[in-house]
>>> print(open('run.tsv').read())   # TSV, C-alpha atoms
chain	number	residue	atom	x	y	z
U	104	MET	CA	0.00	0.00	0.00
U	105	ASN	CA	1.00	3.61	-0.41
U	106	PRO	CA	2.76	4.91	2.74
U	107	ALA	CA	1.12	8.28	2.10
U	108	ALA	CA	-2.17	6.69	3.10
U	109	GLY	CA	-0.84	6.11	6.61
U	110	LEU	CA	-0.48	2.35	6.18
U	111	ALA	CA	2.61	0.24	6.68
U	112	PRO	CA	4.92	0.20	3.65
U	113	PRO	CA	5.21	-3.01	1.65
U	114	ALA	CA	7.47	-5.64	3.19
U	115	ALA	CA	9.82	-5.37	0.24
U	116	LEU	CA	10.36	-1.69	0.99
U	117	ALA	CA	10.74	-2.26	4.72
U	118	LEU	CA	13.57	-4.69	3.98
U	119	THR	CA	15.56	-2.12	2.01
U	120	GLY	CA	16.97	-0.55	5.14
U	121	ALA	CA	15.82	2.92	4.09
U	122	GLN	CA	15.05	5.32	6.93
U	123	ASP	CA	11.43	5.31	8.10
U	124	HIS	CA	10.87	8.97	7.19
U	125	ILE	CA	11.87	8.20	3.60
U	126	LEU	CA	9.42	5.33	3.43
U	127	ARG	CA	6.68	7.76	4.51
U	128	VAL	CA	7.19	9.92	1.43
U	129	PRO	CA	4.43	9.17	-1.11
U	130	LEU	CA	5.45	6.60	-3.68
U	131	GLU	CA	2.80	7.66	-6.17
U	132	ASN	CA	3.27	10.71	-8.36
U	133	ILE	CA	2.51	11.80	-11.90
U	134	SER	CA	5.40	9.73	-13.26
U	135	SER	CA	4.17	6.57	-11.52
U	136	LEU	CA	0.74	7.07	-13.08
U	137	ALA	CA	2.20	7.59	-16.54
U	138	LYS	CA	5.06	5.08	-16.56
U	139	GLY	CA	3.08	2.32	-18.25
U	140	ALA	CA	2.15	4.60	-21.13
U	141	PHE	CA	5.52	6.05	-22.18
U	142	GLY	CA	5.94	5.72	-25.92
U	143	ASP	CA	2.36	4.57	-26.59
U	144	PRO	CA	1.36	6.46	-29.77
U	145	SER	CA	-2.34	6.05	-29.03
U	146	ILE	CA	-2.10	8.28	-25.96
U	147	ILE	CA	-2.15	12.09	-25.96
U	148	PRO	CA	0.11	12.81	-22.97
U	149	LEU	CA	-1.09	15.97	-21.22
U	150	TRP	CA	-0.09	14.91	-17.71
U	151	PHE	CA	3.44	16.35	-17.49
U	152	GLY	CA	4.48	20.00	-17.43
U	153	GLU	CA	6.24	19.63	-20.73
U	154	GLY	CA	5.51	21.02	-24.16
U	155	ASP	CA	5.96	19.27	-27.49
U	156	ARG	CA	8.46	21.80	-28.89
U	157	PRO	CA	12.19	21.06	-28.71
U	158	ALA	CA	14.68	23.69	-27.64
U	159	PRO	CA	15.67	25.95	-30.56
U	160	ALA	CA	18.63	24.83	-32.64
U	161	PHE	CA	20.97	27.63	-31.56
U	162	ILE	CA	21.00	26.24	-28.00
U	163	GLY	CA	22.11	22.80	-29.15
U	164	GLU	CA	24.66	24.35	-31.48
U	165	ALA	CA	26.17	26.29	-28.58
U	166	MET	CA	26.45	23.08	-26.58
U	167	LYS	CA	28.16	21.29	-29.47
U	168	ARG	CA	30.63	24.13	-29.90
U	169	ALA	CA	31.45	23.96	-26.21
U	170	ILE	CA	32.15	20.23	-26.50
U	171	ASP	CA	34.32	20.77	-29.58
U	172	ASP	CA	36.19	23.50	-27.68
U	173	GLY	CA	36.99	21.08	-24.86
U	174	GLN	CA	34.55	22.48	-22.28
U	175	VAL	CA	34.16	19.05	-20.68
U	176	PHE	CA	36.04	19.34	-17.37
U	177	TYR	CA	35.24	20.28	-13.79
U	178	THR	CA	34.38	23.93	-13.33
U	179	HIS	CA	33.13	26.57	-10.88
U	180	GLN	CA	30.69	25.09	-8.39
U	181	ASN	CA	28.43	28.15	-8.41
U	182	GLY	CA	28.38	28.02	-12.21
U	183	ILE	CA	30.64	29.27	-14.97
U	184	PRO	CA	31.16	33.05	-14.84
U	185	GLU	CA	29.74	33.48	-18.35
U	186	LEU	CA	26.37	31.98	-17.39
U	187	ARG	CA	26.14	33.74	-14.04
U	188	GLU	CA	26.84	37.07	-15.71
U	189	ALA	CA	24.34	36.33	-18.49
U	190	LEU	CA	21.66	35.49	-15.91
U	191	ALA	CA	22.48	38.62	-13.89
U	192	ASP	CA	22.03	40.78	-17.00
U	193	TYR	CA	18.85	38.91	-17.94
U	194	LEU	CA	17.23	39.28	-14.51
U	195	SER	CA	18.33	42.91	-14.15
U	196	GLY	CA	16.70	43.64	-17.51
U	197	LEU	CA	13.41	42.10	-16.40
U	198	GLY	CA	13.10	43.64	-12.96
U	199	ARG	CA	13.22	46.92	-11.12
U	200	ARG	CA	16.34	46.14	-9.11
U	201	PRO	CA	19.68	44.88	-10.44
U	202	VAL	CA	20.82	41.34	-9.67
U	203	THR	CA	24.57	40.75	-9.45
U	204	SER	CA	26.30	37.56	-10.57
U	205	ASP	CA	27.57	36.81	-7.04
U	206	ARG	CA	23.93	36.21	-6.07
U	207	ILE	CA	23.47	33.42	-8.63
U	208	THR	CA	24.24	29.71	-8.35
U	209	VAL	CA	23.66	27.43	-11.34
U	210	THR	CA	22.02	24.08	-10.57
U	211	PHE	CA	21.13	20.77	-12.16
U	212	SER	CA	17.48	21.76	-12.79
U	213	GLY	CA	14.97	23.72	-10.77
U	214	MET	CA	14.43	20.67	-8.57
U	215	ASN	CA	18.12	20.65	-7.64
U	216	ALA	CA	17.74	24.33	-6.71
U	217	ILE	CA	14.87	23.44	-4.39
U	218	MET	CA	16.85	20.56	-2.90
U	219	LEU	CA	19.86	22.74	-2.10
U	220	THR	CA	17.65	25.44	-0.59
U	221	LEU	CA	15.88	23.02	1.73
U	222	GLN	CA	19.08	21.21	2.69
U	223	MET	CA	20.59	24.57	3.58
U	224	ALA	CA	17.62	25.83	5.59
U	225	MET	CA	16.02	22.84	7.33
U	226	ARG	CA	16.77	20.26	9.98
U	227	PRO	CA	14.78	17.13	10.91
U	228	GLY	CA	11.70	18.19	12.84
U	229	ASP	CA	11.49	21.66	11.28
U	230	ASN	CA	8.51	22.57	9.13
U	231	MET	CA	7.98	24.09	5.71
U	232	ILE	CA	4.77	25.88	4.82
U	233	ALA	CA	3.63	25.22	1.24
U	234	ILE	CA	1.08	27.55	-0.34
U	235	ASP	CA	-1.03	25.23	-2.44
U	236	PRO	CA	-2.37	23.96	-4.79
U	237	VAL	CA	1.26	23.56	-5.83
U	238	TRP	CA	3.64	21.22	-7.59
U	239	PRO	CA	4.37	18.46	-5.05
U	240	ASN	CA	8.12	17.99	-5.40
U	241	ALA	CA	9.18	20.69	-2.95
U	242	ALA	CA	7.03	19.12	-0.25
U	243	GLY	CA	8.41	15.70	-1.15
U	244	MET	CA	11.97	17.01	-0.75
U	245	ALA	CA	11.16	18.47	2.68
U	246	LYS	CA	9.78	15.10	3.76
U	247	LEU	CA	12.93	13.37	2.54
U	248	LEU	CA	14.78	15.66	4.97
U	249	ASP	CA	12.49	14.42	7.79
U	250	ALA	CA	10.73	17.77	8.04
U	251	GLU	CA	7.02	18.49	8.40
U	252	VAL	CA	5.07	20.08	5.56
U	253	ARG	CA	2.16	22.37	6.42
U	254	SER	CA	-0.38	23.27	3.78
U	255	VAL	CA	-1.94	26.71	3.50
U	256	ARG	CA	-4.48	26.48	0.73
U	257	MET	CA	-5.44	29.33	-1.53
U	258	ASP	CA	-9.14	30.16	-1.89
U	259	HIS	CA	-10.88	29.47	-5.20
U	260	GLY	CA	-13.72	31.80	-6.09
U	261	PRO	CA	-15.02	34.30	-8.67
U	262	ASP	CA	-11.66	36.12	-8.62
U	263	GLY	CA	-9.70	32.92	-9.21
U	264	TRP	CA	-7.12	31.65	-6.73
U	265	THR	CA	-6.35	34.07	-3.89
U	266	LEU	CA	-4.30	33.81	-0.69
U	267	ASP	CA	-5.36	34.79	2.83
U	268	VAL	CA	-2.05	36.07	4.24
U	269	ASP	CA	-3.40	36.06	7.79
U	270	ARG	CA	-4.04	32.33	7.51
U	271	LEU	CA	-0.48	31.85	6.28
U	272	VAL	CA	0.96	33.81	9.21
U	273	ALA	CA	-1.18	31.83	11.65
U	274	ALA	CA	0.44	28.61	10.39
U	275	MET	CA	3.95	29.85	11.26
U	276	ASP	CA	5.60	28.85	14.53
U	277	GLU	CA	9.05	28.53	16.09
U	278	ARG	CA	9.80	25.43	13.99
U	279	THR	CA	8.93	27.06	10.64
U	280	ARG	CA	12.11	27.44	8.59
U	281	VAL	CA	10.78	27.88	5.03
U	282	VAL	CA	7.70	29.25	3.27
U	283	PHE	CA	7.35	28.02	-0.31
U	284	PHE	CA	5.20	29.53	-3.03
U	285	ALA	CA	5.12	29.43	-6.83
U	286	SER	CA	3.96	32.42	-8.86
U	287	PRO	CA	2.69	31.91	-11.50
U	288	GLY	CA	1.47	28.71	-9.93
U	289	ASN	CA	1.63	25.12	-11.04
U	290	PRO	CA	-1.10	23.81	-11.43
U	291	THR	CA	-3.30	26.91	-11.13
U	292	GLY	CA	-1.55	29.56	-13.23
U	293	ALA	CA	-2.39	31.98	-10.40
U	294	MET	CA	-0.11	34.98	-9.85
U	295	LEU	CA	0.29	36.36	-6.36
U	296	PRO	CA	-0.13	40.17	-6.54
U	297	MET	CA	2.96	42.13	-5.53
U	298	ASP	CA	1.38	43.41	-2.33
U	299	VAL	CA	0.70	39.82	-1.27
U	300	GLN	CA	4.24	38.72	-2.09
U	301	VAL	CA	5.64	41.65	-0.10
U	302	ALA	CA	3.38	40.81	2.85
U	303	ILE	CA	4.72	37.25	2.82
U	304	LEU	CA	8.31	38.52	2.65
U	305	GLU	CA	7.74	40.91	5.56
U	306	ALA	CA	6.19	38.15	7.69
U	307	CYS	CA	9.21	35.96	6.99
U	308	ARG	CA	11.62	38.81	7.77
U	309	GLU	CA	10.01	39.41	11.15
U	310	ARG	CA	10.40	35.76	12.11
U	311	GLY	CA	13.74	34.91	10.51
U	312	ILE	CA	12.09	32.45	8.10
U	313	TRP	CA	13.48	31.65	4.65
U	314	LEU	CA	11.18	32.44	1.74
U	315	MET	CA	11.55	30.22	-1.33
U	316	ALA	CA	9.85	31.59	-4.46
U	317	ASP	CA	9.46	29.39	-7.53
U	318	GLU	CA	9.44	31.65	-10.61
U	319	VAL	CA	9.77	28.96	-13.27
U	320	TYR	CA	6.66	30.20	-15.12
U	321	ASN	CA	7.34	33.92	-14.70
U	322	ARG	CA	7.95	34.44	-18.43
U	323	LEU	CA	4.79	32.59	-19.48
U	324	VAL	CA	2.38	35.38	-18.52
U	325	PHE	CA	-0.12	36.07	-21.29
U	326	GLY	CA	0.05	39.52	-22.83
U	327	ARG	CA	3.02	40.58	-20.69
U	328	ARG	CA	6.77	40.15	-20.79
U	329	ASN	CA	6.85	38.66	-17.29
U	330	GLY	CA	4.88	38.46	-14.06
U	331	PRO	CA	5.48	40.20	-10.72
U	332	SER	CA	8.69	39.05	-9.04
U	333	ILE	CA	9.57	39.33	-5.36
U	334	LEU	CA	13.10	40.27	-6.49
U	335	ASP	CA	11.70	43.70	-7.34
U	336	HIS	CA	11.11	44.46	-3.64
U	337	ALA	CA	13.59	42.29	-1.74
U	338	ASP	CA	16.90	43.44	-0.29
U	339	PRO	CA	19.97	41.54	-1.56
U	340	GLU	CA	20.60	39.93	1.86
U	341	ASP	CA	16.99	39.02	2.66
U	342	ARG	CA	16.41	35.39	3.57
U	343	LEU	CA	15.08	34.82	0.08
U	344	MET	CA	15.83	32.07	-2.43
U	345	VAL	CA	14.29	32.46	-5.89
U	346	VAL	CA	14.50	29.23	-7.85
U	347	ASN	CA	14.19	29.03	-11.61
U	348	SER	CA	14.74	26.71	-14.55
U	349	PHE	CA	15.43	26.67	-18.26
U	350	SER	CA	12.84	23.90	-18.69
U	351	LYS	CA	9.68	25.81	-19.58
U	352	SER	CA	10.47	29.16	-21.22
U	353	TRP	CA	13.28	27.72	-23.36
U	354	ALA	CA	11.76	24.22	-23.82
U	355	MET	CA	14.75	22.57	-22.13
U	356	THR	CA	13.01	20.05	-19.84
U	357	GLY	CA	15.40	17.19	-20.55
U	358	TRP	CA	18.49	19.36	-20.31
U	359	ARG	CA	18.19	19.69	-16.50
U	360	LEU	CA	19.49	23.21	-15.98
U	361	GLY	CA	18.34	25.77	-13.42
U	362	TRP	CA	19.54	28.46	-11.04
U	363	ILE	CA	19.00	30.13	-7.67
U	364	VAL	CA	19.07	33.83	-6.83
U	365	HIS	CA	20.26	34.07	-3.24
U	366	PRO	CA	22.06	36.42	-0.81
U	367	SER	CA	25.65	36.86	-1.99
U	368	SER	CA	26.88	35.78	1.46
U	369	LEU	CA	25.40	32.35	0.78
U	370	GLY	CA	27.46	31.76	-2.37
U	371	PRO	CA	30.37	29.94	-0.65
U	372	ILE	CA	27.96	27.72	1.29
U	373	LEU	CA	26.08	26.73	-1.86
U	374	ALA	CA	29.41	26.05	-3.59
U	375	MET	CA	30.37	23.71	-0.75
U	376	MET	CA	26.98	21.96	-0.88
U	377	THR	CA	27.32	21.56	-4.64
U	378	GLN	CA	30.77	20.02	-4.15
U	379	TYR	CA	29.29	17.35	-1.88
U	380	THR	CA	26.23	16.62	-4.03
U	381	THR	CA	26.82	16.98	-7.78
U	382	SER	CA	30.30	18.60	-7.91
U	383	GLY	CA	28.88	21.15	-10.34
U	384	VAL	CA	26.72	21.42	-13.44
U	385	THR	CA	28.00	19.95	-16.71
U	386	THR	CA	30.16	22.63	-18.30
U	387	PHE	CA	28.94	22.36	-21.87
U	388	LEU	CA	25.30	22.50	-20.71
U	389	GLN	CA	26.05	25.81	-19.06
U	390	HIS	CA	27.31	27.20	-22.37
U	391	ALA	CA	23.98	26.14	-23.86
U	392	GLY	CA	22.34	28.16	-21.07
U	393	VAL	CA	24.37	31.23	-22.03
U	394	ALA	CA	23.04	30.98	-25.57
U	395	ALA	CA	19.48	30.53	-24.32
U	396	VAL	CA	19.64	33.66	-22.16
U	397	ARG	CA	21.56	35.84	-24.61
U	398	GLN	CA	19.71	34.87	-27.81
U	399	GLY	CA	16.43	33.37	-26.66
U	400	GLU	CA	14.00	36.28	-26.23
U	401	PRO	CA	12.17	35.67	-29.52
U	402	PHE	CA	11.74	32.00	-28.60
U	403	VAL	CA	10.49	32.86	-25.11
U	404	ALA	CA	7.91	35.18	-26.67
U	405	SER	CA	6.82	32.41	-29.02
U	406	MET	CA	6.45	29.97	-26.09
U	407	ARG	CA	4.26	32.47	-24.29
U	408	GLU	CA	2.05	32.83	-27.37
U	409	TYR	CA	1.99	29.03	-27.85
U	410	CYS	CA	0.75	28.46	-24.29
U	411	GLU	CA	-1.80	31.26	-24.58
U	412	ALA	CA	-3.21	29.77	-27.79
U	413	GLY	CA	-3.32	26.32	-26.21
U	414	MET	CA	-5.08	27.70	-23.14
U	415	ALA	CA	-7.75	29.27	-25.31
U	416	ILE	CA	-8.44	25.99	-27.15
U	417	VAL	CA	-8.66	24.01	-23.92
U	418	CYS	CA	-10.72	26.52	-21.96
U	419	ASP	CA	-13.14	27.08	-24.85
U	420	ALA	CA	-13.80	23.34	-24.80
U	421	LEU	CA	-13.92	22.91	-21.01
U	422	GLU	CA	-16.39	25.77	-20.62
U	423	GLY	CA	-18.73	23.87	-22.91
U	424	PHE	CA	-18.51	20.65	-20.92
U	425	GLY	CA	-21.52	20.37	-18.62
U	426	ARG	CA	-19.71	18.50	-15.85
U	427	VAL	CA	-16.64	20.76	-15.65
U	428	ARG	CA	-16.10	23.67	-13.24
U	429	LEU	CA	-13.16	25.76	-14.45
U	430	GLY	CA	-13.51	29.20	-12.91
U	431	PRO	CA	-11.69	32.24	-14.34
U	432	ARG	CA	-9.29	31.34	-17.12
U	433	PRO	CA	-5.62	31.18	-16.11
U	434	GLN	CA	-3.61	34.14	-17.34
U	435	ALA	CA	-0.22	32.45	-17.06
U	436	GLY	CA	1.55	29.11	-17.11
U	437	MET	CA	0.78	26.01	-19.11
U	438	TYR	CA	-2.05	24.28	-17.25
U	439	ALA	CA	-5.82	24.17	-16.93
U	440	PHE	CA	-6.86	23.03	-13.44
U	441	PHE	CA	-10.53	22.11	-13.13
U	442	GLU	CA	-13.11	20.06	-11.24
U	443	VAL	CA	-15.51	17.49	-12.71
U	444	ASP	CA	-18.92	16.82	-11.17
U	445	GLY	CA	-19.33	13.19	-10.14
U	446	MET	CA	-15.56	12.49	-10.01
U	447	PRO	CA	-14.60	12.74	-6.31
U	448	ASP	CA	-11.38	10.72	-6.70
U	449	SER	CA	-9.04	12.41	-9.18
U	450	ARG	CA	-6.64	9.48	-9.38
U	451	ALA	CA	-9.43	7.05	-10.26
U	452	ALA	CA	-10.82	9.65	-12.67
U	453	CYS	CA	-7.49	9.94	-14.50
U	454	LEU	CA	-7.24	6.17	-14.84
U	455	GLU	CA	-10.77	6.03	-16.23
U	456	ILE	CA	-10.10	8.92	-18.62
U	457	LEU	CA	-6.90	7.26	-19.81
U	458	GLU	CA	-8.63	3.95	-20.42
U	459	LYS	CA	-11.68	5.39	-22.19
U	460	THR	CA	-10.19	8.33	-24.12
U	461	ARG	CA	-6.40	7.67	-24.29
U	462	VAL	CA	-5.75	11.16	-22.93
U	463	GLY	CA	-3.31	11.43	-20.02
U	464	LEU	CA	-4.18	13.95	-17.29
U	465	ALA	CA	-2.64	14.56	-13.85
U	466	PRO	CA	-4.72	13.97	-10.69
U	467	GLY	CA	-5.30	16.97	-8.45
U	468	VAL	CA	-4.63	14.81	-5.38
U	469	PHE	CA	-0.89	15.24	-6.05
U	470	PHE	CA	-1.09	19.06	-5.67
U	471	GLY	CA	-2.04	19.37	-2.02
U	472	PRO	CA	-4.93	18.77	0.40
U	473	GLY	CA	-8.23	19.97	-0.99
U	474	SER	CA	-7.38	19.28	-4.62
U	475	GLU	CA	-8.63	15.67	-4.66
U	476	THR	CA	-11.48	16.52	-7.04
U	477	PHE	CA	-9.35	18.50	-9.52
U	478	LEU	CA	-7.59	17.47	-12.72
U	479	ARG	CA	-4.61	19.17	-14.40
U	480	LEU	CA	-4.15	19.36	-18.17
U	481	CYS	CA	-1.04	20.73	-19.90
U	482	VAL	CA	-1.95	23.13	-22.71
U	483	CYS	CA	1.56	23.46	-24.19
U	484	ARG	CA	0.80	21.38	-27.28
U	485	ASP	CA	0.11	22.09	-30.92
U	486	PRO	CA	-3.47	23.17	-31.70
U	487	ALA	CA	-4.36	20.04	-33.65
U	488	THR	CA	-3.32	17.76	-30.78
U	489	LEU	CA	-5.25	19.79	-28.21
U	490	THR	CA	-8.34	19.89	-30.42
U	491	GLU	CA	-8.16	16.11	-30.80
U	492	ALA	CA	-7.72	15.66	-27.06
U	493	MET	CA	-10.69	17.86	-26.19
U	494	GLY	CA	-12.82	15.99	-28.72
U	495	ARG	CA	-11.93	12.71	-27.03
U	496	LEU	CA	-12.73	14.12	-23.57
U	497	GLU	CA	-16.08	15.59	-24.57
U	498	GLY	CA	-17.90	12.28	-24.51
U	499	LEU	CA	-16.77	11.54	-20.96
U	500	LEU	CA	-16.74	15.02	-19.40
U	501	GLY	CA	-19.37	16.79	-21.44
>>> encode(input="run.tsv", output="structure tokens")
Amino acid sequence: MNPAAGLAPPAALALTGAQDHILRVPLENISSLAKGAFGDPSIIPLWFGEGDRPAPAFIGEAMKRAIDDGQVFYTHQNGIPELREALADYLSGLGRRPVTSDRITVTFSGMNAIMLTLQMAMRPGDNMIAIDPVWPNAAGMAKLLDAEVRSVRMDHGPDGWTLDVDRLVAAMDERTRVVFFASPGNPTGAMLPMDVQVAILEACRERGIWLMADEVYNRLVFGRRNGPSILDHADPEDRLMVVNSFSKSWAMTGWRLGWIVHPSSLGPILAMMTQYTTSGVTTFLQHAGVAAVRQGEPFVASMREYCEAGMAIVCDALEGFGRVRLGPRPQAGMYAFFEVDGMPDSRAACLEILEKTRVGLAPGVFFGPGSETFLRLCVCRDPATLTEAMGRLEGLLG
């Protein structure tokens, strides 16, 4: 049985010798639901946060040049200077306040950035507050560190997804070490207004709590160059870690490249932690990242338009389905997150949908307490594929 359900883990797992707190981390996730369907051409896979466009050719060409130039050895553990400087210029150009390269550490993916942040900030028995619905991997990482995860759920109403900051503050105590939020959100696409982000930052400042902001979808805001960023109002030495990734905006999911913006005083500590975990990000991949940041603005704009067009196709269809409750359309990100009348168990619903329609969706149960009746659908696909998928779903959800 699934340890997340509060039952004893299978005997085979108990015999592995893994620590009990690791065995309590949920075994089921989106990948476990989808693993039997990889490569099946009959399935339209809309369960992962991944588009169907490859990274543009100039990124791969930059990587190849770096390999040909012999950029294949160990390198700086905070990241090569060229990439850190490129990211500093990029972020300074987007925001109201400059970001210097000594505040940037390059990581193996956004997930690696989250892992390093939590390893740095938390001890066993501490707690992290997660503002959800939210991507589950940060909470899973905290549990792997034998920490408690507390959920503060956003409200869903006529104005979309909104956060009660007072409820968030009430969840904080002397063991709270980290508050985690994503804006724009995964799975909701919700953006926390700047006054709300600042209120969260101020509450964390007062209590000496680290704030971890996931801004992976910040460039996929429809009709705008980017969404509100807490970096615009934070001081350079605030207890703030902003994690990001090349995966979405530059279509580099399989490349596994990300970064953290952090206080400059933390740079040597993150370098040490990198030494003892990965020893540093692959050098030639970092040169690909330089090309993405320096040359990729037209592609980022096209990804934003691609997601916006996909969202329109999906939401037009969902709003015509009698059993679906969607709410206000998301204005950012790459997901539609919706409820279906008569489907109280999202995991069972996704299995039924997969069997009957050959469309893969992600169960809301993975995105935090209270989302058990929701489904997530990735809209970052070509229009013909999305139209076909919505046609298949109509018979079951309409």
>>> atom_distance(input="run.tsv", atom1="atom CA of U:Ser286", atom2="atom CA of U:Val301")
12.8 Å
>>> residues_around(input="run.tsv", residues="U:Leu266", least_positions_apart="5", cutoff="8 Å", atoms="only C-alpha atoms", output="list of chain:residue names")
U:Arg256, U:Met257, U:Asp258, U:Leu295, U:Val299
>>> closest_residue(input="run.tsv", among="U:Val427, U:Met355, U:Met406, U:Leu271", to="U:Gly392", atoms="only C-alpha atoms")
U:Met355
>>> residues_near_point(input="run.tsv", point="(-6.4, 20.9, -26.7)", cutoff="10 Å", atoms="all atoms listed in the file", output="list in words")
Ile147, Leu149, Ala412, Gly413, Met414, Ala415, Ile416, Val417, Cys418, Asp419, Ala420, Leu421, Leu480, Cys481, Val482, Cys483, Arg484, Asp485, Pro486, Ala487, Thr488, Leu489, Thr490, Glu491, Ala492, Met493, Gly494, Arg495 and Leu496 of chain U
>>> write_last_selection(input="run.tsv", atoms="C-alpha atoms", output="PDB file, keeping the file's coordinate frame")
ATOM      1  CA  ILE U 147      -2.150  12.090 -25.960  1.00  0.00           C
ATOM      2  CA  LEU U 149      -1.090  15.970 -21.220  1.00  0.00           C
ATOM      3  CA  ALA U 412      -3.210  29.770 -27.790  1.00  0.00           C
ATOM      4  CA  GLY U 413      -3.320  26.320 -26.210  1.00  0.00           C
ATOM      5  CA  MET U 414      -5.080  27.700 -23.140  1.00  0.00           C
ATOM      6  CA  ALA U 415      -7.750  29.270 -25.310  1.00  0.00           C
ATOM      7  CA  ILE U 416      -8.440  25.990 -27.150  1.00  0.00           C
ATOM      8  CA  VAL U 417      -8.660  24.010 -23.920  1.00  0.00           C
ATOM      9  CA  CYS U 418     -10.720  26.520 -21.960  1.00  0.00           C
ATOM     10  CA  ASP U 419     -13.140  27.080 -24.850  1.00  0.00           C
ATOM     11  CA  ALA U 420     -13.800  23.340 -24.800  1.00  0.00           C
ATOM     12  CA  LEU U 421     -13.920  22.910 -21.010  1.00  0.00           C
ATOM     13  CA  LEU U 480      -4.150  19.360 -18.170  1.00  0.00           C
ATOM     14  CA  CYS U 481      -1.040  20.730 -19.900  1.00  0.00           C
ATOM     15  CA  VAL U 482      -1.950  23.130 -22.710  1.00  0.00           C
ATOM     16  CA  CYS U 483       1.560  23.460 -24.190  1.00  0.00           C
ATOM     17  CA  ARG U 484       0.800  21.380 -27.280  1.00  0.00           C
ATOM     18  CA  ASP U 485       0.110  22.090 -30.920  1.00  0.00           C
ATOM     19  CA  PRO U 486      -3.470  23.170 -31.700  1.00  0.00           C
ATOM     20  CA  ALA U 487      -4.360  20.040 -33.650  1.00  0.00           C
ATOM     21  CA  THR U 488      -3.320  17.760 -30.780  1.00  0.00           C
ATOM     22  CA  LEU U 489      -5.250  19.790 -28.210  1.00  0.00           C
ATOM     23  CA  THR U 490      -8.340  19.890 -30.420  1.00  0.00           C
ATOM     24  CA  GLU U 491      -8.160  16.110 -30.800  1.00  0.00           C
ATOM     25  CA  ALA U 492      -7.720  15.660 -27.060  1.00  0.00           C
ATOM     26  CA  MET U 493     -10.690  17.860 -26.190  1.00  0.00           C
ATOM     27  CA  GLY U 494     -12.820  15.990 -28.720  1.00  0.00           C
ATOM     28  CA  ARG U 495     -11.930  12.710 -27.030  1.00  0.00           C
ATOM     29  CA  LEU U 496     -12.730  14.120 -23.570  1.00  0.00           C
TER      30      LEU U 496
END
>>> closest_residue(input="run.tsv", among="U:Val393, U:Arg327, U:Ala242, U:Leu429", to="U:Asp192", atoms="only C-alpha atoms")
U:Val393
>>> residues_around(input="run.tsv", residues="U:Ile125", least_positions_apart="4", cutoff="8 Å", atoms="only C-alpha atoms", output="list in words")
Ala121, Lys246, Leu247 and Asp249 of chain U
>>> residues_near_point(input="run.tsv", point="(30.6, 27.1, -13.3)", cutoff="9 Å", atoms="only C-alpha atoms", output="list in words")
Tyr177, Thr178, His179, Gln180, Asn181, Gly182, Ile183, Pro184, Glu185, Leu186, Arg187, Thr208, Val209, Gly383, Val384, Thr385, Thr386 and Gln389 of chain U
>>> atom_distance(input="run.tsv", atom1="atom CA of U:Thr377", atom2="atom CA of U:Leu360")
13.9 Å
>>> atom_distance(input="run.tsv", atom1="atom CA of U:Gly228", atom2="atom CA of U:Phe283")
17.0 Å
>>> residues_around(input="run.tsv", residues="U:Trp264", least_positions_apart="3", cutoff="9 Å", atoms="only C-alpha atoms", output="list in words")
Met257, Asp258, His259, Gly260, Pro261, Thr291, Gly292, Ala293, Met294, Leu295 and Pro431 of chain U
>>> write_last_selection(input="run.tsv", atoms="C-alpha atoms", output="compact mmCIF listing (two decimals), in the frame of the given file")
# COMPACT_ATOMS: atom_id res chain seq x y z
CA MET U 257 -5.44 29.33 -1.53
CA ASP U 258 -9.14 30.16 -1.89
CA HIS U 259 -10.88 29.47 -5.20
CA GLY U 260 -13.72 31.80 -6.09
CA PRO U 261 -15.02 34.30 -8.67
CA THR U 291 -3.30 26.91 -11.13
CA GLY U 292 -1.55 29.56 -13.23
CA ALA U 293 -2.39 31.98 -10.40
CA MET U 294 -0.11 34.98 -9.85
CA LEU U 295 0.29 36.36 -6.36
CA PRO U 431 -11.69 32.24 -14.34
>>> closest_residue(input="run.tsv", among="U:Met275, U:Leu197, U:Met225, U:Val281", to="U:Met315", atoms="all atoms listed in the file")
U:Val281
>>> decode(input="run.tsv", residues="stretch 410-416 of chain U", atoms="N, CA and C atoms", output="mmCIF file, in the first residue's frame")
data_model
loop_
_atom_site.group_PDB
_atom_site.id
_atom_site.type_symbol
_atom_site.label_atom_id
_atom_site.label_comp_id
_atom_site.auth_asym_id
_atom_site.auth_seq_id
_atom_site.Cartn_x
_atom_site.Cartn_y
_atom_site.Cartn_z
ATOM 1 N N CYS U 410 1.530 28.856 -25.464
ATOM 2 C CA CYS U 410 0.745 28.461 -24.294
ATOM 3 C C CYS U 410 -0.580 29.207 -24.243
ATOM 4 N N GLU U 411 -0.564 30.488 -24.595
ATOM 5 C CA GLU U 411 -1.804 31.263 -24.576
ATOM 6 C C GLU U 411 -2.805 30.710 -25.590
ATOM 7 N N ALA U 412 -2.323 30.348 -26.785
ATOM 8 C CA ALA U 412 -3.207 29.771 -27.791
ATOM 9 C C ALA U 412 -3.742 28.418 -27.329
ATOM 10 N N GLY U 413 -2.877 27.611 -26.728
ATOM 11 C CA GLY U 413 -3.321 26.319 -26.209
ATOM 12 C C GLY U 413 -4.343 26.470 -25.100
ATOM 13 N N MET U 414 -4.124 27.464 -24.226
ATOM 14 C CA MET U 414 -5.076 27.697 -23.139
ATOM 15 C C MET U 414 -6.443 28.073 -23.687
ATOM 16 N N ALA U 415 -6.473 28.866 -24.730
ATOM 17 C CA ALA U 415 -7.755 29.270 -25.314
ATOM 18 C C ALA U 415 -8.503 28.065 -25.874
ATOM 19 N N ILE U 416 -7.797 27.182 -26.584
ATOM 20 C CA ILE U 416 -8.438 25.986 -27.151
ATOM 21 C C ILE U 416 -9.019 25.125 -26.039
#
